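S.K.: Below is the file input27.pdb, which contains PDB, C-alpha atoms.
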ATOM      1  CA  MET A   1     128.556 141.232  42.334
ATOM      2  CA  LYS A   2     125.420 143.261  43.231
ATOM      3  CA  LEU A   3     126.174 143.244  46.972
ATOM      4  CA  LEU A   4     129.841 144.051  46.357
ATOM      5  CA  ILE A   5     128.818 147.155  44.387
ATOM      6  CA  LEU A   6     126.244 148.127  47.049
ATOM      7  CA  TYR A   7     128.717 147.794  49.962
ATOM      8  CA  LEU A   8     131.604 149.483  48.189
ATOM      9  CA  GLY A   9     129.360 152.258  46.864
ATOM     10  CA  LEU A  10     128.117 153.008  50.394
ATOM     11  CA  VAL A  11     131.664 153.208  51.811
ATOM     12  CA  ILE A  12     132.691 155.620  49.045
ATOM     13  CA  LEU A  13     129.488 157.686  49.429
ATOM     14  CA  GLY A  14     130.064 157.880  53.196
ATOM     15  CA  TYR A  15     133.711 158.853  52.665
ATOM     16  CA  LEU A  16     132.763 161.681  50.302
ATOM     17  CA  ILE A  17     130.062 163.001  52.657
ATOM     18  CA  GLY A  18     132.412 162.800  55.654
ATOM     19  CA  ASN A  19     135.292 164.358  53.777
ATOM     20  CA  ARG A  20     133.555 167.084  51.768
ATOM     21  CA  LEU A  21     130.248 167.966  53.437
ATOM     22  CA  LEU A  22     130.642 167.541  57.204
ATOM     23  CA  PRO A  23     132.411 170.317  59.133
ATOM     24  CA  LYS A  24     135.661 169.025  60.656
ATOM     25  CA  ASP A  25     135.480 170.842  64.002
ATOM     26  CA  LYS A  26     132.419 169.074  65.402
ATOM     27  CA  ASN A  27     132.209 166.052  67.681
ATOM     28  CA  TYR A  28     131.150 162.902  65.808
ATOM     29  CA  LYS A  29     130.686 160.494  68.669
ATOM     30  CA  TRP A  30     127.244 159.564  67.283
ATOM     31  CA  VAL A  31     128.924 158.075  64.178
ATOM     32  CA  ALA A  32     130.705 155.572  66.415
ATOM     33  CA  THR A  33     127.488 154.937  68.378
ATOM     34  CA  ILE A  34     125.526 154.065  65.214
ATOM     35  CA  GLN A  35     128.319 151.683  64.207
ATOM     36  CA  ILE A  36     128.252 149.930  67.574
ATOM     37  CA  VAL A  37     124.455 149.507  67.431
ATOM     38  CA  ALA A  38     124.655 148.184  63.844
ATOM     39  CA  VAL A  39     127.451 145.750  64.794
ATOM     40  CA  ALA A  40     125.448 144.536  67.829
ATOM     41  CA  ILE A  41     122.363 143.803  65.685
ATOM     42  CA  LEU A  42     124.469 142.143  62.963
ATOM     43  CA  ILE A  43     126.448 139.974  65.361
ATOM     44  CA  PHE A  44     123.333 138.904  67.268
ATOM     45  CA  THR A  45     121.559 137.976  64.011
ATOM     46  CA  MET A  46     124.627 136.131  62.746
ATOM     47  CA  GLY A  47     124.815 134.191  66.016
ATOM     48  CA  ALA A  48     121.101 133.398  65.762
ATOM     49  CA  ARG A  49     121.524 131.960  62.252
ATOM     50  CA  ILE A  50     124.476 129.837  63.414
ATOM     51  CA  GLY A  51     122.587 128.677  66.535
ATOM     52  CA  ALA A  52     119.470 127.794  64.516
ATOM     53  CA  ASP A  53     121.514 125.642  62.115
ATOM     54  CA  GLU A  54     121.797 122.170  63.666
ATOM     55  CA  ASN A  55     124.444 120.980  61.185
ATOM     56  CA  ILE A  56     126.778 123.754  62.292
ATOM     57  CA  ILE A  57     126.266 123.146  65.993
ATOM     58  CA  ALA A  58     126.943 119.419  65.390
ATOM     59  CA  GLY A  59     130.077 120.184  63.348
ATOM     60  CA  ILE A  60     131.492 122.965  65.522
ATOM     61  CA  GLY A  61     134.667 120.947  66.283
ATOM     62  CA  SER A  62     135.555 120.496  62.627
ATOM     63  CA  ILE A  63     134.715 124.164  61.938
ATOM     64  CA  GLY A  64     137.103 125.189  64.717
ATOM     65  CA  LEU A  65     139.894 123.004  63.301
ATOM     66  CA  THR A  66     139.363 124.361  59.756
ATOM     67  CA  SER A  67     139.474 127.930  61.121
ATOM     68  CA  PHE A  68     142.661 127.215  63.057
ATOM     69  CA  ILE A  69     144.467 125.697  60.067
ATOM     70  CA  LEU A  70     143.414 128.653  57.889
ATOM     71  CA  THR A  71     144.737 131.022  60.556
ATOM     72  CA  VAL A  72     148.135 129.286  60.781
ATOM     73  CA  PHE A  73     148.503 129.328  56.968
ATOM     74  CA  SER A  74     147.307 132.961  56.591
ATOM     75  CA  ILE A  75     149.679 134.265  59.240
ATOM     76  CA  THR A  76     152.612 132.223  57.905
ATOM     77  CA  GLY A  77     151.958 133.459  54.353
ATOM     78  CA  SER A  78     151.655 137.079  55.494
ATOM     79  CA  VAL A  79     154.864 137.089  57.535
ATOM     80  CA  LEU A  80     156.792 135.232  54.814
ATOM     81  CA  MET A  81     155.738 137.607  52.008
ATOM     82  CA  VAL A  82     156.470 140.721  54.104
ATOM     83  CA  PHE A  83     159.860 139.211  55.038
ATOM     84  CA  LEU A  84     160.731 138.581  51.350
ATOM     85  CA  LEU A  85     159.551 142.066  50.345
ATOM     86  CA  ARG A  86     161.612 143.638  53.131
ATOM     87  CA  LYS A  87     164.715 141.806  51.875
ATOM     88  CA  LEU A  88     163.909 142.882  48.306
ATOM     89  CA  LEU A  89     163.587 146.534  49.379
ATOM     90  CA  LYS A  90     166.888 146.284  51.299
ATOM     91  CA  THR A  91     165.347 147.135  54.622
ATOM     92  CA  ASP A  92     166.831 145.754  57.838
ATOM     93  CA  LYS A  93     165.152 143.818  60.643
ATOM     94  CA  ARG A  94     164.291 147.037  62.448
ATOM     95  CA  GLY A  95     162.650 148.541  59.364
ATOM     96  CA  MET A  96     165.518 150.816  58.378
ATOM     97  CA  LYS A  97     166.784 151.182  54.785
ATOM     98  CA  THR A  98     170.305 149.766  54.447
ATOM     99  CA  ASP A  99     171.325 150.981  50.970
ATOM    100  CA  GLY A 100     171.668 154.519  52.256
TER     101      GLY A 100
ATOM    102  CA  MET B   1     134.110 146.386  72.409
ATOM    103  CA  GLY B   2     135.579 142.876  72.147
ATOM    104  CA  ARG B   3     133.676 141.592  75.168
ATOM    105  CA  ILE B   4     130.345 143.027  73.949
ATOM    106  CA  ILE B   5     130.837 141.235  70.620
ATOM    107  CA  PHE B   6     131.198 137.848  72.279
ATOM    108  CA  VAL B   7     128.193 138.468  74.529
ATOM    109  CA  PHE B   8     126.082 139.267  71.445
ATOM    110  CA  VAL B   9     127.319 136.261  69.435
ATOM    111  CA  ALA B  10     126.662 133.939  72.384
ATOM    112  CA  ALA B  11     123.239 135.504  73.042
ATOM    113  CA  GLY B  12     122.410 135.173  69.334
ATOM    114  CA  MET B  13     123.513 131.538  69.173
ATOM    115  CA  LEU B  14     121.635 130.543  72.332
ATOM    116  CA  SER B  15     118.433 132.296  71.306
ATOM    117  CA  GLY B  16     118.750 130.975  67.751
ATOM    118  CA  TYR B  17     119.095 127.445  69.120
ATOM    119  CA  TYR B  18     116.393 127.645  71.817
ATOM    120  CA  VAL B  19     113.865 130.471  71.611
ATOM    121  CA  LEU B  20     113.876 132.595  68.466
ATOM    122  CA  PRO B  21     110.895 132.003  66.156
ATOM    123  CA  ASP B  22     111.662 130.715  62.621
ATOM    124  CA  PHE B  23     110.289 134.026  61.429
ATOM    125  CA  TYR B  24     113.384 135.869  62.691
ATOM    126  CA  ILE B  25     115.695 133.462  60.858
ATOM    127  CA  GLU B  26     113.628 133.894  57.666
ATOM    128  CA  ILE B  27     113.940 137.675  57.703
ATOM    129  CA  SER B  28     117.555 137.580  58.952
ATOM    130  CA  GLY B  29     118.890 137.938  55.391
ATOM    131  CA  ILE B  30     117.226 141.328  55.035
ATOM    132  CA  ILE B  31     118.332 142.393  58.539
ATOM    133  CA  LEU B  32     121.944 141.505  57.714
ATOM    134  CA  ILE B  33     122.068 143.305  54.354
ATOM    135  CA  THR B  34     120.342 146.412  55.781
ATOM    136  CA  GLY B  35     122.572 146.445  58.876
ATOM    137  CA  LEU B  36     125.717 145.994  56.780
ATOM    138  CA  SER B  37     124.687 148.825  54.491
ATOM    139  CA  VAL B  38     124.184 151.163  57.468
ATOM    140  CA  LEU B  39     127.479 150.047  59.053
ATOM    141  CA  LEU B  40     129.580 150.465  55.912
ATOM    142  CA  PHE B  41     128.069 153.870  55.132
ATOM    143  CA  PHE B  42     129.072 155.122  58.588
ATOM    144  CA  VAL B  43     132.500 153.459  58.377
ATOM    145  CA  GLY B  44     132.936 155.526  55.201
ATOM    146  CA  ILE B  45     131.796 158.716  56.968
ATOM    147  CA  GLU B  46     134.276 158.107  59.786
ATOM    148  CA  MET B  47     137.125 157.580  57.296
ATOM    149  CA  GLY B  48     136.062 160.731  55.460
ATOM    150  CA  ILE B  49     136.019 162.867  58.606
ATOM    151  CA  GLU B  50     139.477 161.661  59.637
ATOM    152  CA  GLY B  51     140.683 162.140  56.079
ATOM    153  CA  SER B  52     144.307 161.640  57.071
ATOM    154  CA  ALA B  53     144.571 158.259  55.361
ATOM    155  CA  VAL B  54     145.448 159.406  51.864
ATOM    156  CA  LYS B  55     147.802 162.096  53.180
ATOM    157  CA  MET B  56     149.697 159.590  55.312
ATOM    158  CA  VAL B  57     150.284 157.233  52.379
ATOM    159  CA  LYS B  58     151.489 160.139  50.213
ATOM    160  CA  LYS B  59     153.897 161.254  52.917
ATOM    161  CA  ALA B  60     155.383 157.809  53.492
ATOM    162  CA  GLY B  61     156.039 157.236  49.798
ATOM    163  CA  PHE B  62     154.702 154.806  47.240
ATOM    164  CA  GLN B  63     156.830 151.807  48.270
ATOM    165  CA  ILE B  64     154.958 151.425  51.527
ATOM    166  CA  ILE B  65     151.844 150.286  49.599
ATOM    167  CA  LEU B  66     153.771 147.149  48.609
ATOM    168  CA  TYR B  67     153.673 145.846  52.207
ATOM    169  CA  PRO B  68     149.882 145.495  52.502
ATOM    170  CA  LEU B  69     149.865 143.971  49.003
ATOM    171  CA  ALA B  70     152.412 141.392  50.236
ATOM    172  CA  VAL B  71     150.146 140.603  53.223
ATOM    173  CA  ILE B  72     147.138 140.165  50.919
ATOM    174  CA  PHE B  73     149.144 137.977  48.502
ATOM    175  CA  GLY B  74     150.599 135.837  51.315
ATOM    176  CA  THR B  75     147.264 135.402  53.041
ATOM    177  CA  LEU B  76     145.399 134.425  49.875
ATOM    178  CA  THR B  77     148.003 132.053  48.399
ATOM    179  CA  PHE B  78     148.636 130.268  51.701
ATOM    180  CA  SER B  79     144.950 129.912  52.578
ATOM    181  CA  ALA B  80     144.300 128.544  49.072
ATOM    182  CA  MET B  81     147.072 125.998  49.717
ATOM    183  CA  ALA B  82     145.533 125.131  53.088
ATOM    184  CA  SER B  83     142.230 124.301  51.368
ATOM    185  CA  ILE B  84     143.903 121.171  49.920
ATOM    186  CA  PHE B  85     143.766 119.664  53.434
ATOM    187  CA  LEU B  86     140.354 121.128  54.327
ATOM    188  CA  PRO B  87     136.718 120.350  53.480
ATOM    189  CA  ILE B  88     136.305 123.706  51.695
ATOM    190  CA  THR B  89     137.240 124.959  48.214
ATOM    191  CA  ALA B  90     140.204 127.285  47.529
ATOM    192  CA  ARG B  91     137.768 130.080  46.687
ATOM    193  CA  GLU B  92     135.936 129.619  50.011
ATOM    194  CA  ALA B  93     139.261 129.561  51.877
ATOM    195  CA  MET B  94     140.226 132.858  50.253
ATOM    196  CA  ALA B  95     136.791 134.374  51.010
ATOM    197  CA  VAL B  96     137.347 133.426  54.678
ATOM    198  CA  SER B  97     140.970 134.584  54.942
ATOM    199  CA  SER B  98     140.308 137.896  53.175
ATOM    200  CA  GLY B  99     138.421 138.931  56.308
ATOM    201  CA  PHE B 100     141.888 139.860  57.666
ATOM    202  CA  GLY B 101     140.726 139.625  61.264
ATOM    203  CA  TRP B 102     137.693 141.895  60.830
ATOM    204  CA  TYR B 103     135.366 139.464  62.581
ATOM    205  CA  THR B 104     132.428 141.844  62.885
ATOM    206  CA  LEU B 105     132.263 142.408  59.119
ATOM    207  CA  ALA B 106     133.580 139.463  57.065
ATOM    208  CA  PRO B 107     131.366 136.687  58.530
ATOM    209  CA  VAL B 108     128.265 138.869  58.200
ATOM    210  CA  ILE B 109     128.960 139.405  54.491
ATOM    211  CA  LEU B 110     129.419 135.625  54.087
ATOM    212  CA  MET B 111     126.057 134.825  55.751
ATOM    213  CA  ASP B 112     124.510 135.469  52.346
ATOM    214  CA  TYR B 113     126.785 132.776  50.867
ATOM    215  CA  SER B 114     126.641 129.978  53.466
ATOM    216  CA  THR B 115     126.051 129.772  57.217
ATOM    217  CA  GLU B 116     128.873 127.235  57.578
ATOM    218  CA  ILE B 117     131.455 129.358  55.741
ATOM    219  CA  SER B 118     130.266 132.342  57.788
ATOM    220  CA  ALA B 119     130.859 130.412  61.026
ATOM    221  CA  ILE B 120     134.352 129.435  59.804
ATOM    222  CA  SER B 121     134.954 133.082  58.890
ATOM    223  CA  PHE B 122     133.979 134.291  62.360
ATOM    224  CA  MET B 123     136.209 131.787  64.145
ATOM    225  CA  HIS B 124     139.126 132.287  61.750
ATOM    226  CA  ASN B 125     139.032 136.067  62.012
ATOM    227  CA  VAL B 126     138.833 136.023  65.817
ATOM    228  CA  MET B 127     141.801 133.619  65.824
ATOM    229  CA  ARG B 128     143.771 135.793  63.389
ATOM    230  CA  GLU B 129     143.490 138.767  65.761
ATOM    231  CA  PHE B 130     144.149 136.696  68.872
ATOM    232  CA  ILE B 131     147.031 134.518  67.611
ATOM    233  CA  GLY B 132     148.400 137.576  65.777
ATOM    234  CA  LEU B 133     148.450 139.456  69.075
ATOM    235  CA  LEU B 134     150.254 136.623  70.877
ATOM    236  CA  LEU B 135     152.922 136.386  68.148
ATOM    237  CA  ILE B 136     153.822 140.106  67.995
ATOM    238  CA  PRO B 137     156.669 139.967  70.593
ATOM    239  CA  PHE B 138     158.165 136.784  69.084
ATOM    240  CA  VAL B 139     158.070 138.074  65.489
ATOM    241  CA  ALA B 140     159.502 141.461  66.567
ATOM    242  CA  LYS B 141     162.424 139.756  68.287
ATOM    243  CA  HIS B 142     163.270 136.963  65.843
ATOM    244  CA  ILE B 143     161.960 137.908  62.380
ATOM    245  CA  GLY B 144     161.488 141.651  61.901
ATOM    246  CA  TYR B 145     159.630 144.785  62.952
ATOM    247  CA  ILE B 146     157.539 145.390  59.820
ATOM    248  CA  GLU B 147     156.426 141.738  59.879
ATOM    249  CA  THR B 148     154.630 142.313  63.214
ATOM    250  CA  ALA B 149     152.195 144.663  61.447
ATOM    251  CA  SER B 150     151.163 141.831  59.110
ATOM    252  CA  LEU B 151     150.049 139.549  61.956
ATOM    253  CA  PRO B 152     146.635 140.825  63.112
ATOM    254  CA  GLY B 153     145.328 142.038  59.739
ATOM    255  CA  ALA B 154     142.916 144.965  59.535
ATOM    256  CA  GLY B 155     143.335 145.736  63.260
ATOM    257  CA  ALA B 156     146.895 146.900  62.541
ATOM    258  CA  MET B 157     145.477 150.355  61.815
ATOM    259  CA  ASP B 158     143.798 150.921  65.192
ATOM    260  CA  VAL B 159     143.694 148.647  68.250
ATOM    261  CA  PHE B 160     147.071 147.033  67.537
ATOM    262  CA  VAL B 161     149.033 150.227  66.891
ATOM    263  CA  PRO B 162     150.080 150.813  70.536
ATOM    264  CA  ILE B 163     151.035 147.147  71.012
ATOM    265  CA  ILE B 164     153.090 147.030  67.808
ATOM    266  CA  GLN B 165     154.759 150.338  68.713
ATOM    267  CA  LYS B 166     155.658 149.040  72.164
ATOM    268  CA  GLU B 167     157.230 145.839  70.818
ATOM    269  CA  THR B 168     159.059 147.518  67.908
ATOM    270  CA  SER B 169     159.712 151.235  67.504
ATOM    271  CA  LYS B 170     157.954 154.475  66.674
ATOM    272  CA  HIS B 171     158.668 154.510  62.938
ATOM    273  CA  ILE B 172     156.859 151.171  62.472
ATOM    274  CA  VAL B 173     153.534 152.888  63.277
ATOM    275  CA  ILE B 174     153.246 154.204  59.724
ATOM    276  CA  TYR B 175     153.755 150.670  58.323
ATOM    277  CA  SER B 176     151.194 149.308  60.745
ATOM    278  CA  PHE B 177     148.699 152.019  59.874
ATOM    279  CA  VAL B 178     149.057 151.650  56.094
ATOM    280  CA  ILE B 179     148.926 147.823  56.237
ATOM    281  CA  GLY B 180     145.787 147.952  58.433
ATOM    282  CA  LEU B 181     144.178 150.625  56.268
ATOM    283  CA  ILE B 182     144.652 148.838  52.918
ATOM    284  CA  LEU B 183     143.549 145.510  54.445
ATOM    285  CA  SER B 184     140.432 147.165  55.915
ATOM    286  CA  ILE B 185     139.493 148.666  52.562
ATOM    287  CA  SER B 186     140.015 145.335  50.820
ATOM    288  CA  VAL B 187     137.703 143.349  53.167
ATOM    289  CA  PRO B 188     134.378 144.610  51.696
ATOM    290  CA  ILE B 189     135.864 144.133  48.198
ATOM    291  CA  LEU B 190     137.633 140.751  48.407
ATOM    292  CA  VAL B 191     135.162 138.854  50.650
ATOM    293  CA  PRO B 192     132.119 139.332  48.348
ATOM    294  CA  LEU B 193     134.363 138.915  45.286
ATOM    295  CA  PHE B 194     135.609 135.432  46.307
ATOM    296  CA  ALA B 195     132.147 134.412  47.517
ATOM    297  CA  GLY B 196     130.639 135.565  44.211
ATOM    298  CA  LEU B 197     128.112 137.851  45.940
TER     299      LEU B 197
END
The structure given in the file should be rewritten as structure tokens.

M.R.:
Amino acid sequence: MKLLILYLGLVILGYLIGNRLLPKDKNYKWVATIQIVAVAILIFTMGARIGADENIIAGIGSIGLTSFILTVFSITGSVLMVFLLRKLLKTDKRGMKTDG
Amino acid sequence: MGRIIFVFVAAGMLSGYYVLPDFYIEISGIILITGLSVLLFFVGIEMGIEGSAVKMVKKAGFQIILYPLAVIFGTLTFSAMASIFLPITAREAMAVSSGFGWYTLAPVILMDYSTEISAISFMHNVMREFIGLLLIPFVAKHIGYIETASLPGAGAMDVFVPIIQKETSKHIVIYSFVIGLILSISVPILVPLFAGL
């Protein structure tokens, strides 16, 4: 719960600073640059932890299969629920309301 | 961006397996939490600068919010069902699937829970984006336009917008954007929540 509060708090704090304090007319390319650097460090470190864990390297086949099955189920569930909601909201296949 | 990510994961895995000192692995927990904090703060700043998110939802009307909720509900219930056939618990399956394709964020959050679940999360979320991408034309043609926006997950708000627009029509962009936006916001909430972090 502690990390959840930390992460969520930082997103909200960032949003408020970006929305209220930073002038809108400037170029914020550096914001994207910091994100790319942070992602690179995170992804490298994550890879290092996976690579250093012999059980994971040995079980990579089963991990791949688990991931694939989860993906098939997640996508099926998503499409099915959106399909049912669309029918419920009387919207046609092309996303247009039909009850005029 | 995508290619750089895979280079860094591969470089990390190889160096973790062969050369990196144990010291780096020991302090990796702190590196990950610090890096995530920096990343999420700047993700927030970027959203704040753009600021159009809330306005767009208001303009499109309240009902549109129901679509991302349907994607979240479908993803979670079906991945929990899948866990019956898998060597992971329903809660772990939901922690993995609530990454919604955001493979640079979700698996890093889960590192603090378990390296194995984090590895599953990385692979699953890469697959969700990739298989989602491949299915867009089929779903557009045979099932429905709005459904295409539910395929890739969080990416529906940025990288997938032009692809979804091309395969469907212009008015689906707002659905795609709102679905991607709500899913993106829910990743840093749902992933730690299901993992109990």

S.K.: Counting only C-alpha atoms, figure out which residue out of B:Leu134, B:Val54, B:Tyr67, B:Val43 gets nearest to Leu88 in chain A.

M.R.: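 Smallest distance to Leu88 in chain A is found for B:Tyr67.
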
S.K.: Go through the shown structure with the PyMOL selection byres ((chain B and resi 165) around 12) and write out the matching residues as a list in words.

M.R.: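 Applying the expression gives Arg94 of chain A; Ile136, Pro137, Ala140, Tyr145, Ile146, Thr148, Ala149, Ala156, Met157, Asp158, Val159, Phe160, Val161, Pro162, Ile163, Ile164, Lys166, Glu167, Thr168, Ser169, Lys170, His171, Ile172, Val173, Ile174, Tyr175, Ser176 and Phe177 of chain B.
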
S.K.: Using only C-alpha atoms, please write the residues we just selected to a file, as an mmCIF file, keeping the file's coordinate frame.

M.R.:
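Generated output (selection-v6.cif):
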data_model
loop_
_atom_site.group_PDB
_atom_site.id
_atom_site.type_symbol
_atom_site.label_atom_id
_atom_site.label_comp_id
_atom_site.auth_asym_id
_atom_site.auth_seq_id
_atom_site.Cartn_x
_atom_site.Cartn_y
_atom_site.Cartn_z
ATOM 1 C CA ARG A 94 164.291 147.037 62.448
ATOM 2 C CA ILE B 136 153.822 140.106 67.995
ATOM 3 C CA PRO B 137 156.669 139.967 70.593
ATOM 4 C CA ALA B 140 159.502 141.461 66.567
ATOM 5 C CA TYR B 145 159.630 144.785 62.952
ATOM 6 C CA ILE B 146 157.539 145.390 59.820
ATOM 7 C CA THR B 148 154.630 142.313 63.214
ATOM 8 C CA ALA B 149 152.195 144.663 61.447
ATOM 9 C CA ALA B 156 146.895 146.900 62.541
ATOM 10 C CA MET B 157 145.477 150.355 61.815
ATOM 11 C CA ASP B 158 143.798 150.921 65.192
ATOM 12 C CA VAL B 159 143.694 148.647 68.250
ATOM 13 C CA PHE B 160 147.071 147.033 67.537
ATOM 14 C CA VAL B 161 149.033 150.227 66.891
ATOM 15 C CA PRO B 162 150.080 150.813 70.536
ATOM 16 C CA ILE B 163 151.035 147.147 71.012
ATOM 17 C CA ILE B 164 153.090 147.030 67.808
ATOM 18 C CA LYS B 166 155.658 149.040 72.164
ATOM 19 C CA GLU B 167 157.230 145.839 70.818
ATOM 20 C CA THR B 168 159.059 147.518 67.908
ATOM 21 C CA SER B 169 159.712 151.235 67.504
ATOM 22 C CA LYS B 170 157.954 154.475 66.674
ATOM 23 C CA HIS B 171 158.668 154.510 62.938
ATOM 24 C CA ILE B 172 156.859 151.171 62.472
ATOM 25 C CA VAL B 173 153.534 152.888 63.277
ATOM 26 C CA ILE B 174 153.246 154.204 59.724
ATOM 27 C CA TYR B 175 153.755 150.670 58.323
ATOM 28 C CA SER B 176 151.194 149.308 60.745
ATOM 29 C CA PHE B 177 148.699 152.019 59.874
#

S.K.: For the file shown, report as a PyMOL selection string the outcome of the PyMOL selection byres ((chain B and resi 185) around 12) at residue level.

M.R.: (chain A and resi 7-8+11-12+15) or (chain B and resi 40+43-44+47+53+68-69+72+98-100+102+105-106+153-155+157+178-184+186-191)

S.K.: Can I get the selected residues back with C-alpha atoms, as a PDB file, in the coordinates of the input?

M.R.:
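This is the output file out28.pdb:
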ATOM      1  CA  TYR A   7     128.717 147.794  49.962  1.00  0.00           C
ATOM      2  CA  LEU A   8     131.604 149.483  48.189  1.00  0.00           C
ATOM      3  CA  VAL A  11     131.664 153.208  51.811  1.00  0.00           C
ATOM      4  CA  ILE A  12     132.691 155.620  49.045  1.00  0.00           C
ATOM      5  CA  TYR A  15     133.711 158.853  52.665  1.00  0.00           C
TER       6      TYR A  15
ATOM      7  CA  LEU B  40     129.580 150.465  55.912  1.00  0.00           C
ATOM      8  CA  VAL B  43     132.500 153.459  58.377  1.00  0.00           C
ATOM      9  CA  GLY B  44     132.936 155.526  55.201  1.00  0.00           C
ATOM     10  CA  MET B  47     137.125 157.580  57.296  1.00  0.00           C
ATOM     11  CA  ALA B  53     144.571 158.259  55.361  1.00  0.00           C
ATOM     12  CA  PRO B  68     149.882 145.495  52.502  1.00  0.00           C
ATOM     13  CA  LEU B  69     149.865 143.971  49.003  1.00  0.00           C
ATOM     14  CA  ILE B  72     147.138 140.165  50.919  1.00  0.00           C
ATOM     15  CA  SER B  98     140.308 137.896  53.175  1.00  0.00           C
ATOM     16  CA  GLY B  99     138.421 138.931  56.308  1.00  0.00           C
ATOM     17  CA  PHE B 100     141.888 139.860  57.666  1.00  0.00           C
ATOM     18  CA  TRP B 102     137.693 141.895  60.830  1.00  0.00           C
ATOM     19  CA  LEU B 105     132.263 142.408  59.119  1.00  0.00           C
ATOM     20  CA  ALA B 106     133.580 139.463  57.065  1.00  0.00           C
ATOM     21  CA  GLY B 153     145.328 142.038  59.739  1.00  0.00           C
ATOM     22  CA  ALA B 154     142.916 144.965  59.535  1.00  0.00           C
ATOM     23  CA  GLY B 155     143.335 145.736  63.260  1.00  0.00           C
ATOM     24  CA  MET B 157     145.477 150.355  61.815  1.00  0.00           C
ATOM     25  CA  VAL B 178     149.057 151.650  56.094  1.00  0.00           C
ATOM     26  CA  ILE B 179     148.926 147.823  56.237  1.00  0.00           C
ATOM     27  CA  GLY B 180     145.787 147.952  58.433  1.00  0.00           C
ATOM     28  CA  LEU B 181     144.178 150.625  56.268  1.00  0.00           C
ATOM     29  CA  ILE B 182     144.652 148.838  52.918  1.00  0.00           C
ATOM     30  CA  LEU B 183     143.549 145.510  54.445  1.00  0.00           C
ATOM     31  CA  SER B 184     140.432 147.165  55.915  1.00  0.00           C
ATOM     32  CA  SER B 186     140.015 145.335  50.820  1.00  0.00           C
ATOM     33  CA  VAL B 187     137.703 143.349  53.167  1.00  0.00           C
ATOM     34  CA  PRO B 188     134.378 144.610  51.696  1.00  0.00           C
ATOM     35  CA  ILE B 189     135.864 144.133  48.198  1.00  0.00           C
ATOM     36  CA  LEU B 190     137.633 140.751  48.407  1.00  0.00           C
ATOM     37  CA  VAL B 191     135.162 138.854  50.650  1.00  0.00           C
TER      38      VAL B 191
END

S.K.: Considering all atoms listed in the file, state which residue in the set A:Met96, A:Ala48, A:Leu89, A:Ile36 is at the smallest distance from chain B.

M.R.: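 Once distances to chain B are computed over all atoms listed in the file, the minimum belongs to A:Ala48.
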
S.K.: Quick check, in Å to one decimal: how far apart do CA of Thr98 in chain A and CA of Leu66 in chain B lie?

M.R.: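 We find that CA of Thr98 in chain A and CA of Leu66 in chain B lie 17.7 Å from each other.
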
S.K.: Would you mind listing what lies within 12 Å of Leu84 in chain A as a PyMOL selection string, with all atoms listed in the file counted and same-chain residues fewer than 6 positions away left out?

M.R.: (chain A and resi 77-78+90-93) or (chain B and resi 66-67+70-71+73-74+143-144+146-147)

S.K.: Evaluate the PyMOL selection byres ((chain B and resi 14-23) around 10) on the structure here and hand back the selected residues as a ChimeraX atom specification.

M.R.: /A:44-54,57 /B:8-13,24-28

S.K.: Please, could you write that set of residues out with C-alpha atoms as a short mmCIF file (atom, residue, chain, number, x, y, z; two decimals), in the frame of the given file?

M.R.:
data_model
loop_
_atom_site.label_atom_id
_atom_site.label_comp_id
_atom_site.auth_asym_id
_atom_site.auth_seq_id
_atom_site.Cartn_x
_atom_site.Cartn_y
_atom_site.Cartn_z
CA PHE A 44 123.33 138.90 67.27
CA THR A 45 121.56 137.98 64.01
CA MET A 46 124.63 136.13 62.75
CA GLY A 47 124.82 134.19 66.02
CA ALA A 48 121.10 133.40 65.76
CA ARG A 49 121.52 131.96 62.25
CA ILE A 50 124.48 129.84 63.41
CA GLY A 51 122.59 128.68 66.54
CA ALA A 52 119.47 127.79 64.52
CA ASP A 53 121.51 125.64 62.12
CA GLU A 54 121.80 122.17 63.67
CA ILE A 57 126.27 123.15 65.99
CA PHE B 8 126.08 139.27 71.44
CA VAL B 9 127.32 136.26 69.44
CA ALA B 10 126.66 133.94 72.38
CA ALA B 11 123.24 135.50 73.04
CA GLY B 12 122.41 135.17 69.33
CA MET B 13 123.51 131.54 69.17
CA TYR B 24 113.38 135.87 62.69
CA ILE B 25 115.70 133.46 60.86
CA GLU B 26 113.63 133.89 57.67
CA ILE B 27 113.94 137.68 57.70
CA SER B 28 117.56 137.58 58.95
#

S.K.: Just how far from CA of Arg91 in chain B is CA of Phe41 in chain B, in Å to one decimal?

M.R.: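 Between CA of Phe41 in chain B and CA of Arg91 in chain B the gap works out to 27.0 Å.
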
S.K.: Can you tell me how far CA of Gly59 in chain A sits from CA of Arg128 in chain B, in Å to one decimal?

M.R.: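 Rounded to one decimal, the two atoms are 20.8 Å apart.
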
S.K.: For chain B, which of A:Phe73, A:Ala58, A:Gly9, A:Asp25 is the closest residue, counting all atoms listed in the file?

M.R.: A:Phe73

S.K.: Calculated over all atoms listed in the file, which of the candidates B:Leu110, B:Val96, B:Ile88, B:Ile64 has the smallest distance to Asn125 in chain B?

M.R.: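 Closest residue, counting all atoms listed in the file: B:Val96.
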
S.K.: Find the residues near range 1-3 of chain A: any atom within 8 Å, counting all atoms listed in the file, skip ones fewer than 3 places away on the same chain, and give them as an MDAnalysis selection string.

M.R.: (chainID A and resid 6:7) or (chainID B and resid 192:193 196:197)

S.K.: Step by step, gather every atom of range 90-109 of chain B that the file lists, find the box along x, y and z that holds them, add 3 Å on each side, and finally give centre and edge lengths in Å to one decimal, as JSON.

M.R.:
{"center_x": 135.1, "center_y": 134.8, "center_z": 54.8, "size_x": 19.6, "size_y": 21.1, "size_z": 22.2}

S.K.: List the neighbours of Lys24 in chain A out to 10 Å using all atoms listed in the file; skip same-chain residues closer than 3 positions along the sequence, and give me the result as a PyMOL selection string.

M.R.: (chain A and resi 18-21+27-28) or (chain B and resi 48-51)
